[in-house]
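Data from protein-v8.txt: compact mmCIF, C-alpha atoms
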```txt
# COMPACT_ATOMS: atom_id res chain seq x y z
CA MET A 1 56.42 192.79 151.36
CA LEU A 2 57.41 196.09 152.90
CA LEU A 3 54.77 198.85 153.09
CA SER A 4 54.76 202.32 154.55
CA GLU A 5 52.35 202.90 157.47
CA GLU A 6 50.06 204.97 155.25
CA ASP A 7 49.91 202.33 152.50
CA TYR A 8 49.28 199.61 155.08
CA ARG A 9 46.36 201.50 156.59
CA ASP A 10 44.92 202.02 153.08
CA PHE A 11 45.47 198.39 152.20
CA SER A 12 44.11 196.84 155.41
CA GLY A 13 41.55 199.48 156.39
CA LEU A 14 43.09 199.91 159.84
CA PRO A 15 41.75 203.12 161.43
CA ALA A 16 44.24 205.90 162.13
CA ASP A 17 43.67 205.67 165.93
CA GLN A 18 44.55 201.95 166.10
CA ALA A 19 47.81 200.04 165.89
CA THR A 20 49.05 196.46 166.15
CA ASP A 21 52.31 197.25 167.95
CA LEU A 22 53.53 200.36 169.70
CA ALA A 23 57.05 201.16 170.76
CA LEU A 24 57.28 203.26 173.86
CA ARG A 25 60.38 205.09 175.04
CA VAL A 26 60.73 205.83 178.76
CA ARG A 27 63.50 208.14 179.85
CA ASN A 28 63.99 206.75 183.33
CA PRO A 29 64.86 203.00 183.26
CA ARG A 30 63.69 202.60 186.87
CA GLU A 31 60.13 203.40 185.74
CA TYR A 32 59.91 200.65 183.05
CA ALA A 33 58.06 198.18 185.29
CA THR A 34 55.73 200.84 186.73
CA ILE A 35 54.78 202.13 183.26
CA ALA A 36 54.17 198.58 181.99
CA GLU A 37 51.95 197.86 185.01
CA LYS A 38 49.95 201.04 184.42
CA ILE A 39 49.47 200.18 180.71
CA THR A 40 48.18 196.72 181.66
CA ARG A 41 45.77 198.27 184.14
CA LEU A 42 44.50 200.89 181.64
CA TYR A 43 44.37 198.56 178.63
CA PRO A 44 43.83 194.99 179.88
CA ASP A 45 43.88 193.49 176.33
CA THR A 46 47.45 194.70 175.65
CA ARG A 47 50.73 192.94 176.47
CA PRO A 48 53.62 195.24 177.30
CA ILE A 49 57.03 193.66 176.78
CA LEU A 50 60.16 195.25 178.21
CA ARG A 51 63.38 195.44 176.18
CA SER A 52 65.17 193.50 178.91
CA GLU A 53 62.53 190.74 178.60
CA ILE A 54 63.09 190.51 174.85
CA LEU A 55 66.83 190.25 175.36
CA ARG A 56 66.36 187.61 178.06
CA THR A 57 64.04 185.61 175.80
CA TYR A 58 66.42 185.70 172.83
CA ASP A 59 69.28 184.81 175.08
CA ALA A 60 67.28 181.85 176.41
CA VAL A 61 66.24 180.80 172.89
CA PHE A 62 69.61 181.11 171.14
CA GLY A 63 72.01 180.81 174.04
CA TRP A 64 71.44 177.11 174.64
CA ARG A 65 71.53 176.44 170.91
CA SER A 66 74.94 177.98 170.52
CA GLY A 67 75.93 176.01 173.60
CA LEU A 68 74.80 172.85 171.86
CA LEU A 69 77.02 173.65 168.89
CA VAL A 70 79.91 174.48 171.19
CA VAL A 71 79.48 171.03 172.77
CA ILE A 72 79.51 169.36 169.31
CA PHE A 73 82.53 171.43 168.24
CA SER A 74 84.31 170.65 171.52
CA GLY A 75 83.76 166.93 170.90
CA ALA A 76 85.21 167.19 167.40
CA ALA A 77 88.15 169.31 168.60
CA LEU A 78 88.85 166.88 171.45
CA ALA A 79 88.74 163.92 169.04
CA PHE A 80 91.23 165.72 166.78
CA ALA A 81 93.48 166.55 169.75
CA ILE A 82 93.44 162.92 170.97
CA PHE A 83 94.16 161.69 167.44
CA ALA A 84 97.04 164.15 166.99
CA PHE A 85 98.43 163.32 170.46
CA ASP A 86 98.28 159.62 169.65
CA LYS A 87 100.22 160.23 166.42
CA ALA A 88 102.73 162.50 168.14
CA THR A 89 103.52 160.25 171.08
CA GLY A 90 104.57 157.25 169.10
CA LEU A 91 104.21 154.82 166.30
CA SER A 92 102.61 151.42 166.49
CA ALA A 93 104.86 148.36 166.50
CA GLU A 94 103.76 147.66 162.93
CA GLU A 95 104.75 151.16 161.77
CA ARG A 96 108.14 150.86 163.50
CA ARG A 97 108.70 147.49 161.85
CA GLU A 98 107.79 148.98 158.48
CA ILE A 99 110.29 151.82 158.92
CA GLY A 100 112.95 149.30 160.01
CA ILE A 101 112.34 147.21 156.90
CA LEU A 102 112.55 150.25 154.62
CA LYS A 103 115.86 151.26 156.18
CA ALA A 104 117.16 147.71 155.88
CA ILE A 105 116.32 147.51 152.18
CA GLY A 106 118.15 150.70 151.39
CA TRP A 107 116.01 153.70 152.28
CA GLU A 108 117.70 156.69 153.87
CA THR A 109 116.25 158.50 156.87
CA SER A 110 115.42 161.41 154.55
CA ASP A 111 113.55 159.07 152.16
CA ILE A 112 111.39 157.81 155.03
CA LEU A 113 110.71 161.32 156.30
CA ALA A 114 109.78 162.45 152.79
CA MET A 115 107.39 159.50 152.45
CA LYS A 116 105.80 160.17 155.85
CA PHE A 117 105.53 163.87 155.03
CA TRP A 118 103.67 163.23 151.78
CA GLU A 119 101.56 160.56 153.48
CA GLY A 120 100.57 163.07 156.20
CA ILE A 121 99.90 165.79 153.61
CA ALA A 122 97.79 163.43 151.48
CA ILE A 123 95.67 162.25 154.43
CA SER A 124 95.17 165.62 156.10
CA LEU A 125 94.68 167.58 152.87
CA THR A 126 92.15 165.05 151.58
CA ALA A 127 90.27 165.19 154.89
CA PHE A 128 90.47 169.00 154.92
CA LEU A 129 89.22 169.42 151.35
CA ALA A 130 86.50 166.80 151.84
CA GLY A 131 85.39 168.66 154.98
CA ILE A 132 85.32 172.03 153.20
CA ILE A 133 83.37 170.64 150.23
CA LEU A 134 80.88 168.81 152.45
CA ALA A 135 80.43 171.89 154.66
CA TYR A 136 79.90 174.10 151.59
CA ALA A 137 77.33 171.68 150.16
CA HIS A 138 75.64 171.35 153.54
CA VAL A 139 75.32 175.08 154.15
CA PHE A 140 74.85 176.56 150.69
CA LEU A 141 73.29 173.78 148.62
CA THR A 142 71.05 172.10 151.19
CA SER A 143 70.49 175.01 153.62
CA SER A 144 72.14 173.36 156.62
CA PRO A 145 69.59 170.61 157.38
CA LEU A 146 71.68 169.45 160.33
CA PHE A 147 72.16 172.76 162.10
CA ALA A 148 69.42 175.08 160.78
CA PRO A 149 66.68 173.81 163.16
CA VAL A 150 69.01 174.37 166.09
CA LEU A 151 70.21 177.78 164.97
CA LYS A 152 66.93 179.20 163.61
CA GLY A 153 64.51 177.67 166.07
CA TRP A 154 61.53 175.49 165.34
CA SER A 155 58.69 178.02 165.31
CA THR A 156 60.17 181.48 165.52
CA LEU A 157 61.36 182.06 161.97
CA TYR A 158 59.10 180.46 159.45
CA PRO A 159 60.24 182.26 156.29
CA ALA A 160 62.84 180.19 154.44
CA PHE A 161 66.08 181.97 153.82
CA ARG A 162 68.89 180.76 151.60
CA LEU A 163 72.39 181.79 152.45
CA THR A 164 74.44 183.45 149.77
CA PRO A 165 77.50 181.31 148.96
CA PHE A 166 80.53 182.98 150.42
CA LEU A 167 84.00 181.73 151.24
CA ASP A 168 86.14 183.52 153.76
CA PHE A 169 89.69 182.62 152.77
CA GLY A 170 90.96 183.96 156.07
CA GLN A 171 88.85 181.41 157.94
CA ILE A 172 89.82 178.63 155.53
CA SER A 173 93.50 179.47 155.97
CA ALA A 174 93.05 179.46 159.75
CA LEU A 175 91.39 176.02 159.57
CA PHE A 176 94.16 174.79 157.27
CA PHE A 177 96.88 175.88 159.68
CA LEU A 178 94.99 174.45 162.64
CA THR A 179 94.45 171.01 161.08
CA VAL A 180 96.70 170.10 158.13
CA VAL A 181 99.90 171.59 159.52
CA PRO A 182 99.67 170.10 163.06
CA TYR A 183 98.66 166.70 161.68
CA THR A 184 101.59 166.63 159.25
CA VAL A 185 104.04 167.72 161.94
CA THR A 186 102.73 165.15 164.42
CA THR A 187 103.20 162.46 161.75
CA ILE A 188 106.77 163.47 160.97
CA VAL A 189 108.17 163.72 164.51
CA PRO A 190 107.66 160.10 165.66
CA SER A 191 108.66 158.85 162.20
CA TRP A 192 111.92 160.75 162.49
CA ARG A 193 112.52 159.17 165.92
CA ALA A 194 111.91 155.72 164.43
CA ALA A 195 113.84 156.44 161.24
CA ILE A 196 117.12 157.19 163.00
CA ILE A 197 117.33 153.65 164.40
CA ASP A 198 119.92 151.28 162.99
CA PRO A 199 118.57 149.30 160.05
CA ASP A 200 119.85 146.05 161.54
CA THR A 201 117.06 146.27 164.16
CA VAL A 202 114.81 144.22 161.86
CA MET A 203 117.37 141.43 161.81
CA ARG A 204 117.57 141.13 165.60
CA MET B 1 136.19 140.33 148.09
CA ILE B 2 134.49 141.44 151.29
CA SER B 3 136.96 141.49 154.16
CA ALA B 4 136.28 141.91 157.84
CA ARG B 5 139.29 142.71 159.99
CA ASP B 6 139.29 142.21 163.76
CA ILE B 7 135.60 143.05 164.10
CA THR B 8 134.07 143.56 167.53
CA LYS B 9 130.45 144.49 168.09
CA VAL B 10 129.14 145.51 171.49
CA PHE B 11 125.45 146.22 172.07
CA ASN B 12 124.23 148.54 174.87
CA ALA B 13 127.80 149.56 175.69
CA GLY B 14 128.22 150.95 179.19
CA ARG B 15 124.82 149.72 180.38
CA PRO B 16 124.05 146.81 182.68
CA SER B 17 122.70 144.97 179.62
CA GLU B 18 126.00 145.32 177.70
CA TYR B 19 126.49 142.40 175.37
CA THR B 20 129.43 141.54 173.13
CA ALA B 21 128.09 139.82 170.02
CA LEU B 22 131.37 139.59 168.07
CA ARG B 23 134.91 139.36 169.42
CA GLY B 24 137.77 140.07 167.03
CA VAL B 25 136.31 138.37 163.99
CA SER B 26 138.35 138.40 160.78
CA LEU B 27 136.89 136.93 157.63
CA ASP B 28 137.28 137.05 153.85
CA VAL B 29 134.20 136.47 151.70
CA ARG B 30 135.09 135.71 148.10
CA LEU B 31 132.84 137.15 145.41
CA LYS B 32 130.74 134.88 143.15
CA GLU B 33 130.85 132.15 145.79
CA THR B 34 128.48 131.04 148.54
CA THR B 35 129.61 131.50 152.11
CA VAL B 36 127.54 129.96 154.89
CA LEU B 37 127.84 131.23 158.46
CA LYS B 38 127.00 128.29 160.66
CA GLY B 39 126.49 128.14 164.38
CA PRO B 40 124.00 128.00 167.22
CA SER B 41 121.67 130.85 168.20
CA GLY B 42 123.61 133.68 169.82
CA SER B 43 126.86 132.78 168.09
CA GLY B 44 126.96 136.14 166.26
CA LYS B 45 125.95 135.03 162.75
CA THR B 46 123.20 137.61 162.30
CA THR B 47 125.35 140.42 163.73
CA LEU B 48 128.18 139.55 161.35
CA LEU B 49 125.73 139.45 158.42
CA ALA B 50 124.37 142.87 159.40
CA LEU B 51 127.90 144.30 159.54
CA LEU B 52 128.97 142.75 156.23
CA GLY B 53 125.77 144.10 154.65
CA CYS B 54 126.42 147.68 155.86
CA MET B 55 123.38 147.62 158.11
CA ALA B 56 125.37 148.51 161.19
CA ARG B 57 128.87 149.62 162.11
CA PRO B 58 131.29 147.56 164.18
CA THR B 59 132.34 148.86 167.58
CA SER B 60 135.91 148.29 166.45
CA GLY B 61 137.60 146.79 163.41
CA ARG B 62 137.18 147.49 159.73
CA ILE B 63 135.26 146.11 156.78
CA PHE B 64 136.45 146.40 153.19
CA LEU B 65 134.35 145.97 150.08
CA ASP B 66 136.60 145.43 147.07
CA GLU B 67 139.42 147.03 149.08
CA ARG B 68 137.29 150.10 149.80
CA GLU B 69 136.99 150.73 153.51
CA ILE B 70 133.26 151.11 154.21
CA THR B 71 133.02 151.18 158.01
CA SER B 72 133.82 154.87 158.29
CA LEU B 73 131.50 156.04 155.53
CA PRO B 74 128.78 158.53 156.54
CA GLU B 75 125.28 157.04 156.82
CA ARG B 76 124.18 158.40 153.45
CA PHE B 77 127.02 156.72 151.57
CA LEU B 78 126.71 153.56 153.60
CA THR B 79 123.03 153.38 152.63
CA GLU B 80 123.95 153.87 148.99
CA VAL B 81 126.48 151.01 149.21
CA ARG B 82 123.88 148.83 150.97
CA ARG B 83 121.22 149.60 148.36
CA SER B 84 123.36 149.10 145.30
CA THR B 85 125.54 146.20 146.44
CA PHE B 86 123.42 144.02 148.73
CA GLY B 87 120.05 142.33 148.57
CA PHE B 88 118.63 141.04 151.83
CA VAL B 89 116.40 138.07 152.56
CA PHE B 90 115.32 138.16 156.18
CA GLN B 91 114.42 135.32 158.49
CA GLN B 92 110.76 136.38 158.76
CA PHE B 93 110.87 137.65 155.14
CA ASN B 94 109.90 141.10 156.52
CA LEU B 95 107.52 141.95 153.72
CA ILE B 96 105.51 145.13 154.23
CA LYS B 97 101.91 144.25 154.98
CA GLY B 98 98.99 146.04 153.36
CA ILE B 99 100.67 146.46 149.98
CA SER B 100 100.98 144.09 147.05
CA ALA B 101 103.78 141.67 146.26
CA LEU B 102 104.73 143.88 143.32
CA GLU B 103 104.96 147.02 145.48
CA ASN B 104 107.08 145.12 148.00
CA VAL B 105 109.47 144.12 145.23
CA MET B 106 109.64 147.70 143.95
CA ALA B 107 110.21 149.22 147.41
CA PRO B 108 114.06 149.01 147.52
CA ALA B 109 114.31 150.84 144.19
CA TYR B 110 112.01 153.80 145.00
CA PRO B 111 114.80 155.98 146.45
CA THR B 112 116.85 155.54 143.27
CA GLY B 113 114.35 157.72 141.41
CA GLU B 114 114.00 155.27 138.54
CA LYS B 115 111.06 155.93 136.23
CA TYR B 116 107.98 154.21 137.69
CA SER B 117 106.91 152.44 134.51
CA LEU B 118 110.41 150.99 133.96
CA LEU B 119 110.71 149.96 137.58
CA ARG B 120 107.29 148.29 137.52
CA LYS B 121 108.22 146.40 134.36
CA ARG B 122 111.47 145.23 135.91
CA ALA B 123 109.72 144.20 139.14
CA LEU B 124 107.15 142.20 137.15
CA GLU B 125 109.95 140.48 135.22
CA THR B 126 111.67 139.63 138.49
CA LEU B 127 108.45 138.17 139.88
CA GLU B 128 107.97 136.21 136.63
CA MET B 129 111.40 134.66 137.22
CA PHE B 130 109.89 133.05 140.31
CA ASP B 131 106.53 132.15 138.68
CA LEU B 132 104.81 134.87 140.66
CA GLY B 133 103.57 137.02 137.79
CA LYS B 134 99.96 136.12 138.51
CA ARG B 135 100.35 136.93 142.20
CA ALA B 136 101.94 140.35 141.59
CA GLU B 137 98.88 142.32 142.65
CA ALA B 138 98.06 140.07 145.61
CA LYS B 139 98.50 141.56 149.08
CA VAL B 140 101.40 139.89 150.87
CA GLU B 141 99.06 138.70 153.65
CA TRP B 142 97.36 136.47 151.08
CA LEU B 143 100.56 134.74 149.97
CA SER B 144 101.55 131.25 151.05
CA GLY B 145 104.84 130.72 152.90
CA GLY B 146 106.62 129.65 149.72
CA GLU B 147 105.24 132.59 147.73
CA ALA B 148 106.20 135.06 150.46
CA GLN B 149 109.72 133.65 150.46
CA ARG B 150 110.04 134.03 146.69
CA VAL B 151 108.67 137.59 146.87
CA ALA B 152 111.33 138.33 149.51
CA ILE B 153 114.02 136.96 147.18
CA ALA B 154 112.60 138.95 144.25
CA ARG B 155 112.73 142.08 146.41
CA ALA B 156 116.35 141.35 147.27
CA LEU B 157 117.16 141.16 143.54
CA ILE B 158 115.37 144.28 142.31
CA ASN B 159 118.43 146.55 142.49
CA ARG B 160 120.53 143.88 140.74
CA PRO B 161 122.80 143.40 143.76
CA GLN B 162 126.25 141.93 143.59
CA VAL B 163 125.70 140.13 146.89
CA ILE B 164 122.66 138.36 148.38
CA ILE B 165 122.57 138.18 152.16
CA ALA B 166 120.09 135.80 153.78
CA ASP B 167 119.59 135.33 157.50
CA GLU B 168 118.22 131.92 158.52
CA PRO B 169 116.29 131.76 155.24
CA THR B 170 114.93 128.26 155.85
CA ALA B 171 113.97 128.74 159.50
CA HIS B 172 110.26 129.02 158.70
CA LEU B 173 110.14 126.70 155.71
CA ASP B 174 109.34 123.04 155.40
CA THR B 175 111.87 120.71 153.75
CA ARG B 176 110.40 121.07 150.26
CA LEU B 177 110.45 124.87 150.39
CA ALA B 178 113.94 124.82 151.92
CA HIS B 179 115.19 122.80 148.94
CA GLU B 180 113.36 125.17 146.62
CA PHE B 181 115.21 128.06 148.25
CA ILE B 182 118.55 126.30 147.77
CA ALA B 183 117.71 125.74 144.10
CA ILE B 184 116.92 129.43 143.60
CA MET B 185 120.17 130.45 145.29
CA ALA B 186 122.10 127.96 143.13
CA ARG B 187 120.60 129.58 140.03
CA LEU B 188 121.60 133.05 141.23
CA LYS B 189 125.08 131.83 142.04
CA SER B 190 125.45 130.38 138.56
CA GLU B 191 124.61 133.87 137.24
CA GLY B 192 127.54 135.31 139.20
CA THR B 193 125.84 136.52 142.38
CA THR B 194 127.74 136.28 145.64
CA ILE B 195 125.70 134.65 148.39
CA ILE B 196 126.21 134.93 152.12
CA LEU B 197 123.88 132.86 154.29
CA ALA B 198 123.56 132.50 158.04
CA SER B 199 121.99 129.23 159.05
CA HIS B 200 122.08 126.38 161.49
CA ASP B 201 120.02 124.22 159.13
CA PRO B 202 121.98 121.25 157.67
CA ILE B 203 119.91 121.55 154.48
CA VAL B 204 121.74 124.84 153.92
CA TYR B 205 125.29 124.23 155.14
CA ASP B 206 125.49 120.66 153.84
CA SER B 207 124.10 121.57 150.42
CA PRO B 208 126.32 121.66 147.30
CA LEU B 209 125.50 125.37 147.15
CA ALA B 210 127.96 126.11 149.98
CA ASP B 211 131.50 126.82 148.78
CA ARG B 212 132.73 127.86 152.17
CA VAL B 213 131.38 127.26 155.66
CA VAL B 214 132.34 129.54 158.53
CA GLU B 215 131.53 128.05 161.89
CA MET B 216 130.86 130.50 164.71
CA ARG B 217 130.43 130.20 168.43
CA ASP B 218 130.29 132.82 171.19
CA GLY B 219 130.97 135.65 168.78
CA GLN B 220 134.09 134.12 167.29
CA VAL B 221 134.99 132.15 164.18
CA VAL B 222 135.95 128.68 165.37
CA HIS B 223 136.39 126.99 162.01
CA GLU B 224 136.47 128.08 158.41
CA GLY B 225 136.80 125.98 155.28
CA GLU B 226 135.20 123.84 152.59
CA PRO B 227 131.95 122.10 153.53
CA ALA B 228 132.35 118.59 154.93
```
Could you write out this file's structure as structure tokens?
Amino acid sequence: MLLSEEDYRDFSGLPADQATDLALRVRNPREYATIAEKITRLYPDTRPILRSEILRTYDAVFGWRSGLLVVIFSGAALAFAIFAFDKATGLSAEERREIGILKAIGWETSDILAMKFWEGIAISLTAFLAGIILAYAHVFLTSSPLFAPVLKGWSTLYPAFRLTPFLDFGQISALFFLTVVPYTVTTIVPSWRAAIIDPDTVMR
Amino acid sequence: MISARDITKVFNAGRPSEYTALRGVSLDVRLKETTVLKGPSGSGKTTLLALLGCMARPTSGRIFLDEREITSLPERFLTEVRRSTFGFVFQQFNLIKGISALENVMAPAYPTGEKYSLLRKRALETLEMFDLGKRAEAKVEWLSGGEAQRVAIARALINRPQVIIADEPTAHLDTRLAHEFIAIMARLKSEGTTIILASHDPIVYDSPLADRVVEMRDGQVVHEGEPA
């Protein structure tokens, strides 16, 4: 509920010479601490808070939380990088054998590449879409139960707030090109290297 | 007729591990007959099979399929010849793990672009020919040795090949299954399929199935003729 000062005083009966919070502007920043000290001395039941202290507090409260998320994100990004590197640097013996068999039974190199391309697309696109849907449900349908306590704090912001569903297609496109495309490419390259071997390899 | 003329195959040419698998081999394989390549390990049987089946190119020499020279064909055309003319049964069967027997049988025909429902029907019929209809959906890991062998033969037949090529097909089979294999090959031969086998198993080269036995040693043909 938002009230004007006048309405609030009428509503709560707060006298005109009293206030709950006062904002004080001081022209010279070097006098902030002196002024606060004088206020404390004159009015011992008040608690002056400097702007810099508020900023430091918020930084302390939210800074480590964002750091926590950065750590989680870094873990996920590193796992993706390791996974992509593993795919890019080579195929398992079983995958090589499979490609050799397909060549031996009459598949062309282009057939194998097409199969691996669609396989990569199917896996990465499924994972991408599943991730988007789960993230949407997590944030907009269930109010981020995993991250909200970390981001909002445990006691600072009591009022519940529901986020308005919103999709930024720019961000989704960026995620698509950072995940689906590299995964598909890293699947194709080693398959191509394996697919250009002679088909008689499986007979030797 | 499949004719090989003065075929030489060298692996790892120019490297310390250079190895000559075939030395000036010439051979005529008559169609609708069974030719058995016989010889010890390392005699060049598998290499010759691979060359006859368009799986590799000779280092020198030429191969003719029905008087058409195939050794100089670009890879794409060579693959087409391999797919449409030959069916392969490998020593270890080489079935693709993780998919069903039916999918394994259908695999050689996927690149042809045949309608899936028709292909599936044909693959099921082929499996039925070998009493494997009930095992069609089973993963190949779950098949017994005999079943895996029959699936491998069914896969070799899916593109209705003119020629079946089998490399040491009885190497991993007991006597009963080896005889079963010979019986299946005899049936295919009676239907007009050409069969080329590489084996050093007497069950194969002494069987009535063999019309012609080609004995190999050290990459050369040392004897060629009717079975003893």
Query raised in the report: Counting all atoms listed in the file, which residues from chain A have an atom at most 6 Å from any atom of chain B, and could you show them as a list of chain:residue names?
Result: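 Every residue meeting the condition is included here: A:Ile105, A:Gly106, A:Pro199, A:Asp200.
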Report task. Take atom CA of Phe128 of chain A and atom CA of Ile172 of chain A and report the distance between them in Å, one decimal. Result ->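 If I compute the distance from atom CA of Phe128 of chain A to atom CA of Ile172 of chain A, I get 9.7 Å.
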Query raised in the report: What is the distance, in Å and to one decimal place, between atom CA of Glu215 of chain B and atom CA of Ala104 of chain A?
Result: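 It comes out at 25.1 Å.
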Query raised in the report: If you measure from atom CA of Ala138 of chain B to atom CA of Ala101 of chain B, what distance in Å do you get, rounded to one decimal?
Result: 6.0 Å
Report task. Would you list the contacts of segment 17-31 of chain A as a PyMOL selection string, taking every protein, DNA or RNA residue within 12 Å and counting all atoms listed in the file, but skipping same-chain residues closer than 2 positions in sequence? Result -> chain A and resi 5-6+8-9+12-15+33-39+45-52
Output C-alpha atoms of each residue in that selection to a file, as an mmCIF file, in the coordinates of the input.
```cif
data_model
loop_
_atom_site.group_PDB
_atom_site.id
_atom_site.type_symbol
_atom_site.label_atom_id
_atom_site.label_comp_id
_atom_site.auth_asym_id
_atom_site.auth_seq_id
_atom_site.Cartn_x
_atom_site.Cartn_y
_atom_site.Cartn_z
ATOM 1 C CA GLU A 5 52.350 202.900 157.470
ATOM 2 C CA GLU A 6 50.060 204.970 155.250
ATOM 3 C CA TYR A 8 49.280 199.610 155.080
ATOM 4 C CA ARG A 9 46.360 201.500 156.590
ATOM 5 C CA SER A 12 44.110 196.840 155.410
ATOM 6 C CA GLY A 13 41.550 199.480 156.390
ATOM 7 C CA LEU A 14 43.090 199.910 159.840
ATOM 8 C CA PRO A 15 41.750 203.120 161.430
ATOM 9 C CA ALA A 33 58.060 198.180 185.290
ATOM 10 C CA THR A 34 55.730 200.840 186.730
ATOM 11 C CA ILE A 35 54.780 202.130 183.260
ATOM 12 C CA ALA A 36 54.170 198.580 181.990
ATOM 13 C CA GLU A 37 51.950 197.860 185.010
ATOM 14 C CA LYS A 38 49.950 201.040 184.420
ATOM 15 C CA ILE A 39 49.470 200.180 180.710
ATOM 16 C CA ASP A 45 43.880 193.490 176.330
ATOM 17 C CA THR A 46 47.450 194.700 175.650
ATOM 18 C CA ARG A 47 50.730 192.940 176.470
ATOM 19 C CA PRO A 48 53.620 195.240 177.300
ATOM 20 C CA ILE A 49 57.030 193.660 176.780
ATOM 21 C CA LEU A 50 60.160 195.250 178.210
ATOM 22 C CA ARG A 51 63.380 195.440 176.180
ATOM 23 C CA SER A 52 65.170 193.500 178.910
#
```
Report summary line: Counting all atoms listed in the file, the residue among B:Thr175, B:Thr194, B:Thr35, B:Thr8 that lies closest to Pro58 of chain B is B:Thr8
Which polymer residues have any atom within 8 Å of an atom of Arg62 of chain B, counting only C-alpha atoms, with same-chain residues fewer than 5 positions away left out, as a PDB file with C-alpha atoms, in the frame of the given file?
```pdb
ATOM      1  CA  ALA B   4     136.280 141.910 157.840  1.00  0.00           C
ATOM      2  CA  ARG B   5     139.290 142.710 159.990  1.00  0.00           C
ATOM      3  CA  ASP B   6     139.290 142.210 163.760  1.00  0.00           C
ATOM      4  CA  ILE B   7     135.600 143.050 164.100  1.00  0.00           C
ATOM      5  CA  GLU B  69     136.990 150.730 153.510  1.00  0.00           C
ATOM      6  CA  ILE B  70     133.260 151.110 154.210  1.00  0.00           C
ATOM      7  CA  THR B  71     133.020 151.180 158.010  1.00  0.00           C
TER       8      THR B  71
END
```
Report task. Do a neighbour search on segment 18-27 of chain B at 10 Å with only C-alpha atoms, toss out local chain neighbours closer than 3 positions, and write the hits as a VMD selection string. Result -> chain B and resid 2 to 15 30 42 to 48 52 58 to 63 214 216 to 222 224
Requested in this report: Name the residues in contact with Gly131 of chain A at a cut-off of 12 Å, using all atoms listed in the file, excluding same-chain residues fewer than 4 positions from it; report them as a PyMOL selection string.
Outcome: chain A and resi 124-127+135-139+172+175-176+179-180
Query raised in the report: Counting all atoms listed in the file, which of A:Thr109, A:Leu3, A:Lys116, A:Leu146 gets nearest to Leu91 of chain A?
Result: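 Of all the options, A:Lys116 lies closest to Leu91 of chain A.
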Query raised in the report: Quick one: residues within 12 Å of Lys87 of chain A, all atoms listed in the file counted, chain neighbours fewer than 2 positions away excluded, as a list in words?
Result: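 Close residues of Lys87 of chain A: Phe80, Ala81, Ile82, Phe83, Ala84, Phe85, Thr89, Gly90, Leu91, Ser92, Glu95, Lys116, Gly120, Pro182, Tyr183, Thr184, Val185, Thr186, Thr187, Ile188, Val189, Pro190 and Ser191 of chain A.
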Next, write the just-selected residues to a file, as an mmCIF file, in the coordinates of the input, keeping C-alpha atoms as the atom set.
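Output file selection00.cif follows:
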```cif
data_model
loop_
_atom_site.group_PDB
_atom_site.id
_atom_site.type_symbol
_atom_site.label_atom_id
_atom_site.label_comp_id
_atom_site.auth_asym_id
_atom_site.auth_seq_id
_atom_site.Cartn_x
_atom_site.Cartn_y
_atom_site.Cartn_z
ATOM 1 C CA PHE A 80 91.230 165.720 166.780
ATOM 2 C CA ALA A 81 93.480 166.550 169.750
ATOM 3 C CA ILE A 82 93.440 162.920 170.970
ATOM 4 C CA PHE A 83 94.160 161.690 167.440
ATOM 5 C CA ALA A 84 97.040 164.150 166.990
ATOM 6 C CA PHE A 85 98.430 163.320 170.460
ATOM 7 C CA THR A 89 103.520 160.250 171.080
ATOM 8 C CA GLY A 90 104.570 157.250 169.100
ATOM 9 C CA LEU A 91 104.210 154.820 166.300
ATOM 10 C CA SER A 92 102.610 151.420 166.490
ATOM 11 C CA GLU A 95 104.750 151.160 161.770
ATOM 12 C CA LYS A 116 105.800 160.170 155.850
ATOM 13 C CA GLY A 120 100.570 163.070 156.200
ATOM 14 C CA PRO A 182 99.670 170.100 163.060
ATOM 15 C CA TYR A 183 98.660 166.700 161.680
ATOM 16 C CA THR A 184 101.590 166.630 159.250
ATOM 17 C CA VAL A 185 104.040 167.720 161.940
ATOM 18 C CA THR A 186 102.730 165.150 164.420
ATOM 19 C CA THR A 187 103.200 162.460 161.750
ATOM 20 C CA ILE A 188 106.770 163.470 160.970
ATOM 21 C CA VAL A 189 108.170 163.720 164.510
ATOM 22 C CA PRO A 190 107.660 160.100 165.660
ATOM 23 C CA SER A 191 108.660 158.850 162.200
#
```
